[in-house]
>>> print(open('my_file-v9.tsv').read())   # TSV, C-alpha atoms
chain	number	residue	atom	x	y	z
A	1150	MET	CA	-61.22	-8.11	-71.84
A	1151	THR	CA	-63.06	-5.62	-69.60
A	1152	THR	CA	-61.39	-3.67	-66.84
A	1153	LEU	CA	-63.41	-5.60	-64.25
A	1154	VAL	CA	-62.23	-8.94	-65.63
A	1155	ARG	CA	-58.59	-7.84	-65.58
A	1156	ARG	CA	-58.95	-6.58	-62.01
A	1157	PHE	CA	-60.66	-9.78	-60.95
A	1158	LEU	CA	-57.99	-12.00	-62.48
A	1159	ALA	CA	-55.27	-9.94	-60.83
A	1160	CYS	CA	-57.04	-10.24	-57.47
A	1161	VAL	CA	-57.50	-14.00	-57.92
A	1162	ILE	CA	-53.82	-14.53	-58.73
A	1163	GLY	CA	-52.81	-12.45	-55.72
A	1164	ALA	CA	-55.30	-14.11	-53.39
A	1165	VAL	CA	-54.31	-17.62	-54.44
A	1166	ALA	CA	-50.63	-16.76	-54.10
A	1167	LEU	CA	-51.28	-15.55	-50.55
A	1168	VAL	CA	-53.60	-18.38	-49.52
A	1169	LEU	CA	-51.82	-21.40	-50.98
A	1170	PRO	CA	-48.78	-21.33	-48.67
A	1171	TRP	CA	-51.10	-21.16	-45.66
A	1172	ALA	CA	-53.53	-23.71	-47.06
A	1173	GLN	CA	-51.20	-26.61	-47.75
A	1174	SER	CA	-49.54	-28.54	-44.96
A	1175	HIS	CA	-46.75	-31.07	-45.46
A	1176	ALA	CA	-49.17	-34.00	-45.11
A	1177	GLU	CA	-51.50	-32.71	-47.83
A	1178	GLU	CA	-51.55	-33.13	-51.57
A	1179	SER	CA	-53.07	-30.53	-53.86
A	1180	THR	CA	-54.23	-30.22	-57.42
A	1181	TYR	CA	-56.43	-27.96	-59.46
A	1182	PHE	CA	-58.78	-28.20	-62.39
A	1183	VAL	CA	-61.03	-25.92	-64.45
A	1184	ILE	CA	-64.79	-26.50	-64.48
A	1185	PRO	CA	-67.11	-24.80	-67.00
A	1186	ALA	CA	-69.83	-22.91	-65.13
A	1187	VAL	CA	-73.06	-22.72	-67.10
A	1188	ALA	CA	-76.43	-22.32	-65.43
A	1189	THR	CA	-79.80	-20.73	-65.93
A	1190	SER	CA	-82.55	-20.08	-63.39
A	1191	LYS	CA	-85.89	-18.33	-63.24
A	1192	ASN	CA	-84.62	-15.36	-61.25
A	1193	ASP	CA	-80.93	-15.08	-62.05
A	1194	GLY	CA	-81.03	-15.67	-65.80
A	1195	THR	CA	-78.13	-17.30	-67.64
A	1196	ASP	CA	-74.60	-17.54	-66.23
A	1197	VAL	CA	-71.60	-18.50	-68.35
A	1198	GLY	CA	-68.06	-18.75	-67.00
A	1199	ALA	CA	-65.55	-21.01	-65.29
A	1200	ILE	CA	-64.47	-22.24	-61.85
A	1201	VAL	CA	-60.81	-22.89	-61.06
A	1202	ALA	CA	-60.89	-25.31	-58.14
A	1203	TYR	CA	-57.80	-25.96	-56.01
A	1204	ILE	CA	-58.41	-29.18	-54.02
A	1205	PHE	CA	-56.36	-30.24	-50.98
A	1206	THR	CA	-56.52	-33.79	-49.60
A	1207	ASP	CA	-54.88	-35.55	-46.65
A	1208	GLU	CA	-53.11	-38.91	-46.60
A	1209	GLU	CA	-56.51	-40.67	-46.49
A	1210	SER	CA	-57.69	-38.80	-49.63
A	1211	ARG	CA	-60.15	-36.79	-47.54
A	1212	VAL	CA	-60.80	-33.30	-48.92
A	1213	THR	CA	-59.57	-30.82	-46.32
A	1214	LYS	CA	-59.62	-27.50	-48.19
A	1215	ILE	CA	-61.01	-26.00	-51.37
A	1216	ILE	CA	-60.00	-22.67	-52.92
A	1217	ALA	CA	-62.27	-21.86	-55.86
A	1218	PRO	CA	-62.11	-18.54	-57.73
A	1219	VAL	CA	-64.99	-18.11	-60.17
A	1220	TYR	CA	-65.61	-15.85	-63.14
A	1221	ILE	CA	-69.19	-15.58	-64.41
A	1222	HIS	CA	-70.92	-13.40	-66.98
A	1223	ASN	CA	-74.59	-12.93	-66.13
A	1224	GLU	CA	-77.07	-11.87	-68.80
A	1225	PHE	CA	-78.62	-9.20	-66.52
A	1226	LEU	CA	-75.75	-7.96	-64.36
A	1227	GLY	CA	-72.59	-8.41	-66.41
A	1228	SER	CA	-69.29	-9.79	-65.08
A	1229	ARG	CA	-69.00	-11.31	-61.61
A	1230	GLY	CA	-65.87	-12.41	-59.76
A	1231	THR	CA	-66.15	-14.68	-56.72
A	1232	LEU	CA	-63.62	-16.23	-54.37
A	1233	ASN	CA	-64.76	-19.31	-52.38
A	1234	LEU	CA	-62.71	-20.68	-49.49
A	1235	PHE	CA	-63.75	-23.92	-47.74
A	1236	TRP	CA	-61.83	-25.52	-44.87
A	1237	TYR	CA	-62.62	-28.87	-43.20
A	1238	PRO	CA	-59.87	-29.29	-40.58
A	1239	THR	CA	-61.43	-32.19	-38.62
A	1240	ARG	CA	-64.63	-34.20	-38.50
A	1241	GLY	CA	-67.52	-31.93	-37.48
A	1242	ASP	CA	-65.67	-28.68	-38.24
A	1243	ALA	CA	-66.29	-26.56	-41.35
A	1244	TYR	CA	-65.47	-22.97	-42.31
A	1245	LYS	CA	-66.72	-21.17	-45.41
A	1246	LEU	CA	-65.88	-17.74	-46.81
A	1247	VAL	CA	-67.48	-16.35	-49.97
A	1248	ALA	CA	-66.68	-12.92	-51.41
A	1249	SER	CA	-67.95	-11.61	-54.74
A	1250	TYR	CA	-68.20	-8.42	-56.77
A	1251	THR	CA	-70.54	-7.95	-59.74
A	1252	GLU	CA	-70.38	-5.31	-62.43
A	1253	VAL	CA	-73.96	-4.16	-61.76
A	1254	ILE	CA	-75.25	-3.72	-58.17
A	1255	GLU	CA	-74.48	-7.09	-56.58
A	1256	ARG	CA	-71.96	-7.53	-53.78
A	1257	LYS	CA	-71.48	-10.40	-51.32
A	1258	PHE	CA	-69.36	-11.25	-48.30
A	1259	MET	CA	-70.38	-14.21	-46.16
A	1260	PHE	CA	-68.56	-16.17	-43.46
A	1261	ASP	CA	-69.99	-19.35	-41.92
A	1262	PHE	CA	-68.54	-21.73	-39.38
A	1263	GLN	CA	-69.64	-25.01	-37.82
A	1264	ARG	CA	-68.13	-26.87	-34.87
A	1265	LEU	CA	-70.32	-29.84	-34.03
A	1266	LEU	CA	-68.14	-31.82	-31.62
A	1267	LEU	CA	-66.94	-29.41	-28.95
A	1268	GLY	CA	-66.20	-30.54	-25.39
A	1269	GLY	CA	-65.57	-34.11	-26.42
A	1270	GLY	CA	-68.80	-34.27	-28.41
A	1271	LYS	CA	-71.07	-32.70	-25.77
A	1272	TYR	CA	-71.64	-29.28	-27.35
A	1273	SER	CA	-71.89	-27.53	-30.72
A	1274	LEU	CA	-71.37	-24.00	-31.95
A	1275	GLU	CA	-72.40	-22.54	-35.32
A	1276	GLY	CA	-72.65	-19.05	-36.72
A	1277	ASN	CA	-72.58	-16.77	-39.71
A	1278	VAL	CA	-72.16	-13.10	-40.52
A	1279	GLY	CA	-72.43	-11.34	-43.84
A	1280	PHE	CA	-73.63	-8.71	-46.22
A	1281	PHE	CA	-75.09	-9.12	-49.70
A	1282	LYS	CA	-77.05	-7.35	-52.44
A	1283	ASN	CA	-79.16	-9.64	-54.65
A	1284	ALA	CA	-80.36	-7.60	-57.64
A	1285	THR	CA	-82.57	-10.31	-59.17
A	1286	ALA	CA	-84.97	-10.92	-56.25
A	1287	ARG	CA	-88.62	-11.35	-57.24
A	1288	PHE	CA	-91.97	-10.77	-55.55
A	1289	PHE	CA	-95.38	-11.72	-56.95
A	1290	GLY	CA	-97.60	-10.82	-54.01
A	1291	ILE	CA	-99.04	-12.93	-51.19
A	1292	GLY	CA	-100.87	-16.21	-51.68
A	1293	PRO	CA	-100.79	-19.55	-53.52
A	1294	GLU	CA	-102.41	-18.31	-56.73
A	1295	THR	CA	-100.43	-15.17	-57.56
A	1296	ALA	CA	-100.14	-14.77	-61.32
A	1297	GLN	CA	-96.90	-14.74	-63.27
A	1298	ALA	CA	-98.04	-11.40	-64.69
A	1299	GLN	CA	-97.66	-9.88	-61.18
A	1300	GLU	CA	-93.89	-10.42	-61.20
A	1301	THR	CA	-91.82	-7.56	-59.79
A	1302	ASN	CA	-88.11	-7.15	-59.15
A	1303	TYR	CA	-86.08	-5.59	-56.36
A	1304	THR	CA	-82.58	-5.62	-54.92
A	1305	ASP	CA	-82.54	-7.51	-51.63
A	1306	ARG	CA	-79.87	-5.72	-49.61
A	1307	GLU	CA	-79.16	-7.51	-46.32
A	1308	LEU	CA	-76.84	-7.34	-43.35
A	1309	LEU	CA	-77.21	-10.42	-41.18
A	1310	GLY	CA	-75.68	-12.54	-38.49
A	1311	SER	CA	-76.53	-15.43	-36.21
A	1312	ILE	CA	-75.01	-17.54	-33.46
A	1313	THR	CA	-76.24	-21.01	-32.40
A	1314	GLY	CA	-75.15	-22.93	-29.35
A	1315	GLY	CA	-76.18	-26.54	-28.80
A	1316	ILE	CA	-76.00	-29.32	-26.25
A	1317	TYR	CA	-76.26	-33.04	-27.04
A	1318	VAL	CA	-79.00	-34.87	-25.13
A	1319	GLY	CA	-78.40	-38.27	-26.74
A	1320	PRO	CA	-76.62	-39.87	-29.71
A	1321	GLY	CA	-77.25	-37.53	-32.63
A	1322	ARG	CA	-79.76	-35.50	-30.60
A	1323	ARG	CA	-79.28	-31.81	-29.88
A	1324	VAL	CA	-81.14	-28.90	-28.37
A	1325	THR	CA	-79.97	-25.56	-29.74
A	1326	TRP	CA	-80.63	-21.87	-29.10
A	1327	THR	CA	-80.18	-19.32	-31.88
A	1328	GLU	CA	-80.00	-15.54	-31.80
A	1329	ARG	CA	-80.23	-13.90	-35.21
A	1330	LEU	CA	-80.30	-10.34	-36.51
A	1331	ARG	CA	-81.39	-9.41	-40.03
A	1332	THR	CA	-81.58	-5.96	-41.61
A	1333	VAL	CA	-83.25	-5.75	-45.04
A	1334	GLU	CA	-83.48	-2.87	-47.49
A	1335	VAL	CA	-85.68	-3.13	-50.59
A	1336	GLN	CA	-83.94	-1.20	-53.37
A	1337	PRO	CA	-84.50	-0.90	-57.15
A	1338	GLY	CA	-83.54	-4.13	-58.88
A	1339	GLY	CA	-81.31	-5.07	-61.77
A	1340	ILE	CA	-83.99	-6.28	-64.22
A	1341	PRO	CA	-85.12	-3.17	-66.19
A	1342	LYS	CA	-88.07	-4.90	-67.90
A	1343	LEU	CA	-89.78	-5.64	-64.55
A	1344	PRO	CA	-91.50	-3.08	-62.31
A	1345	PHE	CA	-90.05	-2.20	-58.90
A	1346	THR	CA	-91.63	-4.20	-56.06
A	1347	GLN	CA	-92.01	-1.20	-53.76
A	1348	SER	CA	-93.97	0.71	-56.43
A	1349	VAL	CA	-96.42	-2.13	-57.14
A	1350	PHE	CA	-96.93	-3.41	-53.55
A	1351	PRO	CA	-96.48	-0.36	-51.28
A	1352	ALA	CA	-99.11	-1.56	-48.79
A	1353	ILE	CA	-97.47	-4.93	-48.07
A	1354	LYS	CA	-95.36	-4.96	-44.94
A	1355	GLY	CA	-91.67	-5.29	-45.63
A	1356	THR	CA	-91.52	-3.59	-49.02
A	1357	GLY	CA	-90.07	-0.62	-47.17
A	1358	GLY	CA	-87.44	-2.83	-45.54
A	1359	GLY	CA	-86.99	-3.60	-41.87
A	1360	THR	CA	-84.88	-5.12	-39.11
A	1361	VAL	CA	-85.73	-8.45	-37.47
A	1362	TRP	CA	-84.37	-9.90	-34.25
A	1363	GLY	CA	-85.19	-13.56	-33.62
A	1364	HIS	CA	-84.82	-16.04	-30.73
A	1365	ARG	CA	-85.13	-19.70	-31.76
A	1366	LEU	CA	-85.29	-22.98	-29.82
A	1367	THR	CA	-84.66	-26.12	-31.90
A	1368	PHE	CA	-84.63	-29.87	-31.31
A	1369	LEU	CA	-82.67	-32.04	-33.76
A	1370	ASP	CA	-82.39	-35.82	-34.09
A	1371	ASP	CA	-79.87	-36.91	-36.74
A	1372	THR	CA	-79.00	-40.56	-37.45
A	1373	ARG	CA	-77.40	-39.96	-40.89
A	1374	ASP	CA	-73.89	-41.27	-41.48
A	1375	ASP	CA	-72.71	-37.80	-42.59
A	1376	THR	CA	-74.13	-34.29	-42.48
A	1377	LEU	CA	-72.88	-33.11	-45.92
A	1378	THR	CA	-72.89	-36.27	-48.05
A	1379	PRO	CA	-75.11	-38.82	-46.27
A	1380	THR	CA	-75.95	-42.24	-47.69
A	1381	ILE	CA	-78.29	-43.64	-45.02
A	1382	GLY	CA	-80.26	-42.52	-41.97
A	1383	SER	CA	-82.84	-39.91	-41.01
A	1384	TYR	CA	-82.97	-36.30	-39.87
A	1385	PHE	CA	-85.69	-34.58	-37.83
A	1386	LYS	CA	-85.89	-30.94	-36.80
A	1387	MET	CA	-88.55	-29.07	-34.85
A	1388	TYR	CA	-88.30	-25.40	-33.92
A	1389	LEU	CA	-90.10	-22.48	-32.26
A	1390	GLU	CA	-89.06	-18.86	-32.74
A	1391	LEU	CA	-90.18	-15.54	-31.30
A	1392	ALA	CA	-89.20	-12.59	-33.48
A	1393	GLN	CA	-89.54	-8.83	-33.51
A	1394	SER	CA	-89.75	-6.57	-36.52
A	1395	LEU	CA	-88.15	-3.27	-35.54
A	1396	THR	CA	-88.85	-0.13	-37.58
A	1397	ALA	CA	-88.93	3.56	-36.81
A	1398	ASP	CA	-92.69	3.59	-36.20
A	1399	SER	CA	-93.58	0.07	-35.02
A	1400	ASN	CA	-92.43	-2.96	-33.09
A	1401	THR	CA	-94.24	-6.03	-34.38
A	1402	VAL	CA	-93.92	-9.33	-32.49
A	1403	PHE	CA	-94.58	-12.54	-34.42
A	1404	SER	CA	-93.59	-16.19	-34.29
A	1405	HIS	CA	-92.29	-18.96	-36.51
A	1406	TYR	CA	-92.64	-22.65	-35.90
A	1407	GLY	CA	-92.17	-25.74	-37.99
A	1408	ALA	CA	-90.76	-29.20	-38.51
A	1409	GLU	CA	-88.72	-31.08	-41.09
A	1410	TYR	CA	-88.16	-34.79	-41.63
A	1411	LYS	CA	-85.94	-36.46	-44.21
A	1412	VAL	CA	-84.83	-40.04	-44.65
A	1413	LEU	CA	-82.39	-41.89	-46.93
A	1414	ILE	CA	-83.17	-45.54	-47.69
A	1415	PRO	CA	-80.50	-47.33	-49.77
A	1416	ASN	CA	-80.72	-50.78	-51.28
A	1417	GLU	CA	-78.23	-53.48	-50.23
A	1418	THR	CA	-75.54	-52.34	-52.68
A	1419	LYS	CA	-76.20	-48.61	-52.04
A	1420	ARG	CA	-76.42	-48.08	-55.78
A	1421	TYR	CA	-80.02	-46.92	-55.39
A	1422	THR	CA	-81.05	-44.60	-52.56
A	1423	PHE	CA	-84.59	-43.36	-52.08
A	1424	VAL	CA	-84.71	-39.96	-50.37
A	1425	PHE	CA	-87.83	-38.31	-48.93
A	1426	ARG	CA	-88.21	-34.91	-47.29
A	1427	ALA	CA	-91.31	-33.32	-45.69
A	1428	ARG	CA	-91.14	-29.76	-44.34
A	1429	GLY	CA	-93.70	-27.42	-42.86
A	1430	ASN	CA	-93.08	-23.77	-41.93
A	1431	PHE	CA	-95.72	-21.70	-40.16
A	1432	THR	CA	-95.81	-17.97	-39.35
A	1433	VAL	CA	-98.18	-16.41	-36.81
A	1434	GLY	CA	-98.61	-12.65	-36.88
A	1435	GLY	CA	-100.94	-11.85	-39.75
A	1436	THR	CA	-100.39	-9.04	-42.21
A	1437	ASP	CA	-98.00	-7.18	-39.90
A	1438	VAL	CA	-95.25	-9.72	-40.64
A	1439	PRO	CA	-92.79	-8.47	-43.32
A	1440	PHE	CA	-93.13	-10.44	-46.55
A	1441	PHE	CA	-89.48	-11.48	-46.41
A	1442	GLU	CA	-90.10	-13.18	-43.03
A	1443	ARG	CA	-93.15	-15.16	-44.13
A	1444	SER	CA	-93.02	-18.73	-45.39
A	1445	SER	CA	-91.99	-19.11	-49.03
A	1446	LEU	CA	-91.43	-21.80	-51.67
A	1447	GLY	CA	-89.46	-21.90	-54.91
A	1448	GLY	CA	-85.86	-22.37	-55.88
A	1449	GLN	CA	-83.19	-25.04	-55.81
A	1450	ASN	CA	-84.10	-26.50	-52.41
A	1451	THR	CA	-87.92	-26.64	-52.44
A	1452	LEU	CA	-89.99	-26.31	-55.66
A	1453	ARG	CA	-87.31	-26.60	-58.32
A	1454	GLY	CA	-89.64	-25.66	-61.20
A	1455	PHE	CA	-89.82	-22.05	-59.94
A	1456	GLY	CA	-87.47	-19.25	-58.97
A	1457	VAL	CA	-86.50	-18.51	-55.37
A	1458	GLY	CA	-89.39	-17.04	-53.38
A	1459	ARG	CA	-92.00	-17.58	-56.11
A	1460	PHE	CA	-94.82	-18.23	-53.59
A	1461	VAL	CA	-95.15	-16.37	-50.27
A	1462	ASP	CA	-97.76	-16.66	-47.52
A	1463	ASN	CA	-98.10	-17.32	-43.79
A	1464	HIS	CA	-97.55	-21.08	-44.03
A	1465	SER	CA	-95.88	-23.54	-46.40
A	1466	LEU	CA	-95.72	-27.30	-46.94
A	1467	VAL	CA	-93.34	-29.11	-49.26
A	1468	PHE	CA	-92.70	-32.79	-50.03
A	1469	ASN	CA	-89.66	-33.91	-52.03
A	1470	PHE	CA	-89.04	-37.36	-53.49
A	1471	GLU	CA	-85.74	-38.46	-55.10
A	1472	GLU	CA	-84.30	-41.72	-56.35
A	1473	ARG	CA	-80.51	-41.24	-56.32
A	1474	ILE	CA	-78.93	-43.72	-58.75
A	1475	GLN	CA	-75.18	-44.24	-58.70
A	1476	LEU	CA	-73.91	-44.45	-62.28
A	1477	PHE	CA	-70.14	-44.86	-61.93
A	1478	HIS	CA	-67.01	-43.80	-60.05
A	1479	LEU	CA	-64.49	-41.45	-61.57
A	1480	LYS	CA	-60.98	-40.72	-60.33
A	1481	VAL	CA	-60.25	-37.04	-60.88
A	1482	PHE	CA	-56.80	-35.70	-59.91
A	1483	GLY	CA	-56.34	-38.23	-57.12
A	1484	THR	CA	-59.87	-37.87	-55.72
A	1485	VAL	CA	-62.56	-40.50	-56.29
A	1486	ALA	CA	-65.88	-38.96	-57.33
A	1487	GLU	CA	-69.25	-40.68	-57.55
A	1488	VAL	CA	-71.48	-39.66	-60.44
A	1489	GLU	CA	-75.20	-40.13	-59.91
A	1490	MET	CA	-78.53	-39.40	-61.57
A	1491	ALA	CA	-81.60	-38.45	-59.53
A	1492	PRO	CA	-85.14	-38.35	-60.93
A	1493	PHE	CA	-87.28	-36.34	-58.52
A	1494	LEU	CA	-90.69	-34.88	-57.77
A	1495	ASP	CA	-91.35	-31.75	-55.68
A	1496	VAL	CA	-94.86	-31.06	-54.35
A	1497	GLY	CA	-95.76	-28.03	-52.24
A	1498	LYS	CA	-98.05	-25.11	-51.47
A	1499	VAL	CA	-98.27	-21.91	-49.47
A	1500	THR	CA	-101.45	-20.80	-47.71
A	1501	ASP	CA	-102.83	-18.38	-45.14
A	1502	THR	CA	-104.76	-21.18	-43.40
A	1503	PHE	CA	-105.10	-24.97	-43.51
A	1504	ARG	CA	-108.75	-24.91	-42.46
A	1505	TYR	CA	-110.00	-24.99	-46.04
A	1506	ARG	CA	-108.78	-26.67	-49.23
A	1507	ALA	CA	-106.14	-28.64	-47.32
A	1508	LEU	CA	-105.62	-31.01	-50.28
A	1509	SER	CA	-105.73	-28.46	-53.12
A	1510	ARG	CA	-103.57	-25.68	-54.62
A	1511	TYR	CA	-100.43	-27.77	-54.62
A	1512	GLN	CA	-97.69	-27.25	-57.21
A	1513	ALA	CA	-95.96	-30.35	-58.63
A	1514	ASN	CA	-92.51	-30.14	-60.23
A	1515	PRO	CA	-91.02	-33.31	-61.78
A	1516	GLY	CA	-87.41	-33.28	-62.89
A	1517	ILE	CA	-84.02	-34.92	-63.01
A	1518	GLY	CA	-80.71	-34.14	-61.32
A	1519	PHE	CA	-77.07	-35.01	-62.02
A	1520	ARG	CA	-74.50	-34.98	-59.20
A	1521	ALA	CA	-70.76	-35.49	-58.74
A	1522	ILE	CA	-69.77	-36.32	-55.14
A	1523	ALA	CA	-66.32	-36.45	-53.55
A	1524	ARG	CA	-67.07	-37.67	-50.04
A	1525	PRO	CA	-67.27	-36.47	-47.39
A	1526	ASN	CA	-67.29	-32.75	-48.21
A	1527	VAL	CA	-67.91	-32.00	-51.90
A	1528	VAL	CA	-71.11	-32.15	-53.95
A	1529	GLY	CA	-71.68	-30.57	-57.35
A	1530	ARG	CA	-75.11	-30.76	-58.89
A	1531	VAL	CA	-77.36	-29.65	-61.73
A	1532	ASP	CA	-81.13	-30.05	-61.34
A	1533	VAL	CA	-83.64	-29.55	-64.18
A	1534	ALA	CA	-87.32	-29.25	-63.22
A	1535	THR	CA	-90.60	-28.45	-64.96
A	1536	GLY	CA	-93.53	-26.49	-63.51
A	1537	ASN	CA	-96.63	-24.79	-64.86
A	1538	GLU	CA	-94.55	-21.70	-65.67
A	1539	GLY	CA	-91.93	-23.55	-67.70
A	1540	ARG	CA	-88.57	-25.13	-67.00
A	1541	ALA	CA	-85.88	-24.14	-64.51
A	1542	VAL	CA	-82.25	-25.25	-64.16
A	1543	PHE	CA	-80.28	-24.91	-60.93
A	1544	ALA	CA	-76.60	-25.57	-60.27
A	1545	GLY	CA	-75.15	-25.82	-56.78
A	1546	LEU	CA	-72.44	-27.14	-54.49
A	1547	ASP	CA	-74.65	-29.19	-52.16
A	1548	PHE	CA	-77.58	-31.59	-52.10
A	1549	PRO	CA	-81.01	-29.95	-52.35
A	1550	PHE	CA	-81.99	-31.50	-49.00
>>> encode(input="my_file-v9.tsv", output="structure tokens")
Amino acid sequence: MTTLVRRFLACVIGAVALVLPWAQSHAEESTYFVIPAVATSKNDGTDVGAIVAYIFTDEESRVTKIIAPVYIHNEFLGSRGTLNLFWYPTRGDAYKLVASYTEVIERKFMFDFQRLLLGGGKYSLEGNVGFFKNATARFFGIGPETAQAQETNYTDRELLGSITGGIYVGPGRRVTWTERLRTVEVQPGGIPKLPFTQSVFPAIKGTGGGTVWGHRLTFLDDTRDDTLTPTIGSYFKMYLELAQSLTADSNTVFSHYGAEYKVLIPNETKRYTFVFRARGNFTVGGTDVPFFERSSLGGQNTLRGFGVGRFVDNHSLVFNFEERIQLFHLKVFGTVAEVEMAPFLDVGKVTDTFRYRALSRYQANPGIGFRAIARPNVVGRVDVATGNEGRAVFAGLDFPF
């Protein structure tokens, strides 16, 4: 057992010992179980390890808290220890803290909160703050037809934060204002066999890092029966953002705008649910916009046959189709979980303009997903997709959309 593993286990035991007395109230029941953690993805490589999940439920069997220490061994970066804390005190409120340390390069500390029903349901407040170093980030250049042979690697080092205030203008309808700050450094990556992004693409804006300050206005219309584990309804979002890229020698102003629509259509028994999502993101500012602020596709939530950020350009379109099929219910340690299968198809493209070839250059990724759901707060999933660069497998703790 390595020194890092011993230190991580000691920290986990200490952290759980400190957190458990605070976490459990007299009205709650708790249990724990061990979950094998095995995943492989285009960017991150293969992970093998385990999750020890402590689950707390109230008298109505609603999950109120989750404490989940994780140990993973990654093929590129070695051992990683992570502590996940999730708290769902009341309907509309959620708090999430994730802290991790990896043997090679990677570090992460993120805190997110969400309060959707303030002032008797008139207002909302959301925010996040954090720091991370992702040593397996990839960049292939700009455009929809970048070749796999152009793959480069870098460490995406970021310090970020945002705050969003909202006001309800109707049932399920909100107008929100977001202020966000993002500082990015592009450092040598953790994949020795790949060239460093900054060395291959020195002329592309953003490969030298940068700081971005954004101001976003958003309209949302949400008729779903739940925000985390919905079974029926629709969601629409439209946003406009003015942003500034601040560096020592320039102050570039650019804008983002876009829209997203998704709908869940169950059959009468709710055993079968068809889910559709359409999303368009558009960036105006030309080549002065840092590459990490342009529209991108790839990864577990867009084109699941590719790694995160595989395609980058000014604009992106993606269409996702899923048929979520409920297989059976399973009672695990006092909590009822639904197990479902989800064949899917992802279709999308990036482009610098939609004036030409509007119906061409799309990528299509068919695949199948498997999910375990403990409503209303817990989703575990594994999605397997195929693209023209091979197969990708993603594991996560949420729905893809």
>>> residues_around(input="my_file-v9.tsv", residues="region 1444-1457 of chain A", least_positions_apart="4", cutoff="8 Å", atoms="only C-alpha atoms", output="PyMOL selection string")
chain A and resi 1190-1192+1286-1287+1430-1432+1461-1465+1467+1469+1495-1499+1512-1515+1532-1544+1549-1550
>>> residues_near_point(input="my_file-v9.tsv", point="(-72.0, -16.0, -62.8)", cutoff="10 Å", atoms="only C-alpha atoms", output="VMD selection string")
chain A and resid 1186 to 1189 1193 to 1200 1219 to 1224 1226 to 1231 1251
>>> atom_distance(input="my_file-v9.tsv", atom1="CA of Gln1297 (chain A)", atom2="CA of Thr1346 (chain A)")
13.8 Å
>>> closest_residue(input="my_file-v9.tsv", among="A:Ala1427, A:Leu1232, A:Ile1254, A:Leu1476", to="Gly1407 (chain A)", atoms="only C-alpha atoms")
A:Ala1427
>>> residues_near_point(input="my_file-v9.tsv", point="(-75.4, -45.5, -51.2)", cutoff="9 Å", atoms="all atoms listed in the file", output="PDB file with C-alpha atoms, in the coordinates of the input")
ATOM      1  CA  PRO A1379     -75.110 -38.820 -46.270  1.00  0.00           C
ATOM      2  CA  THR A1380     -75.950 -42.240 -47.690  1.00  0.00           C
ATOM      3  CA  ILE A1381     -78.290 -43.640 -45.020  1.00  0.00           C
ATOM      4  CA  LEU A1413     -82.390 -41.890 -46.930  1.00  0.00           C
ATOM      5  CA  ILE A1414     -83.170 -45.540 -47.690  1.00  0.00           C
ATOM      6  CA  PRO A1415     -80.500 -47.330 -49.770  1.00  0.00           C
ATOM      7  CA  ASN A1416     -80.720 -50.780 -51.280  1.00  0.00           C
ATOM      8  CA  GLU A1417     -78.230 -53.480 -50.230  1.00  0.00           C
ATOM      9  CA  THR A1418     -75.540 -52.340 -52.680  1.00  0.00           C
ATOM     10  CA  LYS A1419     -76.200 -48.610 -52.040  1.00  0.00           C
ATOM     11  CA  ARG A1420     -76.420 -48.080 -55.780  1.00  0.00           C
ATOM     12  CA  TYR A1421     -80.020 -46.920 -55.390  1.00  0.00           C
ATOM     13  CA  THR A1422     -81.050 -44.600 -52.560  1.00  0.00           C
ATOM     14  CA  ARG A1473     -80.510 -41.240 -56.320  1.00  0.00           C
ATOM     15  CA  ILE A1474     -78.930 -43.720 -58.750  1.00  0.00           C
ATOM     16  CA  GLN A1475     -75.180 -44.240 -58.700  1.00  0.00           C
TER      17      GLN A1475
END
>>> axis_aligned_box(input="my_file-v9.tsv", around="region 1412-1417 of chain A", padding_each_side="6 Å", output="JSON")
{"center_x": -81.5, "center_y": -46.8, "center_z": -48.0, "size_x": 18.6, "size_y": 25.4, "size_z": 18.6}
>>> residues_around(input="my_file-v9.tsv", residues="Arg1428 (chain A)", least_positions_apart="2", cutoff="7 Å", atoms="only C-alpha atoms", output="list in words")
Ala1408, Glu1409, Tyr1410, Arg1426, Asn1430, Leu1466, Val1467 and Phe1468 of chain A
>>> atom_distance(input="my_file-v9.tsv", atom1="CA of Arg1459 (chain A)", atom2="CA of Gln1299 (chain A)")
10.8 Å
>>> closest_residue(input="my_file-v9.tsv", among="A:Tyr1181, A:Phe1368, A:Trp1326, A:Phe1345", to="Leu1391 (chain A)", atoms="all atoms listed in the file")
A:Trp1326
>>> atom_distance(input="my_file-v9.tsv", atom1="CA of Glu1328 (chain A)", atom2="CA of Gly1310 (chain A)")
8.5 Å
>>> closest_residue(input="my_file-v9.tsv", among="A:Thr1327, A:Thr1372, A:Thr1332, A:Thr1436", to="Phe1403 (chain A)", atoms="all atoms listed in the file")
A:Thr1436
>>> residues_around(input="my_file-v9.tsv", residues="Arg1530 (chain A)", least_positions_apart="5", cutoff="9 Å", atoms="all atoms listed in the file", output="number ranges by chain")
A: 1518-1522, 1543-1549
>>> closest_residue(input="my_file-v9.tsv", among="A:Lys1411, A:Arg1323, A:Arg1211, A:Arg1510", to="Arg1373 (chain A)", atoms="all atoms listed in the file")
A:Lys1411
>>> closest_residue(input="my_file-v9.tsv", among="A:Ala1217, A:Met1490, A:Thr1356, A:Val1438", to="Phe1288 (chain A)", atoms="only C-alpha atoms")
A:Thr1356
>>> residues_around(input="my_file-v9.tsv", residues="Thr1239 (chain A)", least_positions_apart="6", cutoff="10 Å", atoms="only C-alpha atoms", output="VMD selection string")
chain A and resid 1213 1264 1266
>>> closest_residue(input="my_file-v9.tsv", among="A:Asn1277, A:Ser1179, A:Asn1302, A:Thr1325", to="Asp1261 (chain A)", atoms="all atoms listed in the file")
A:Asn1277
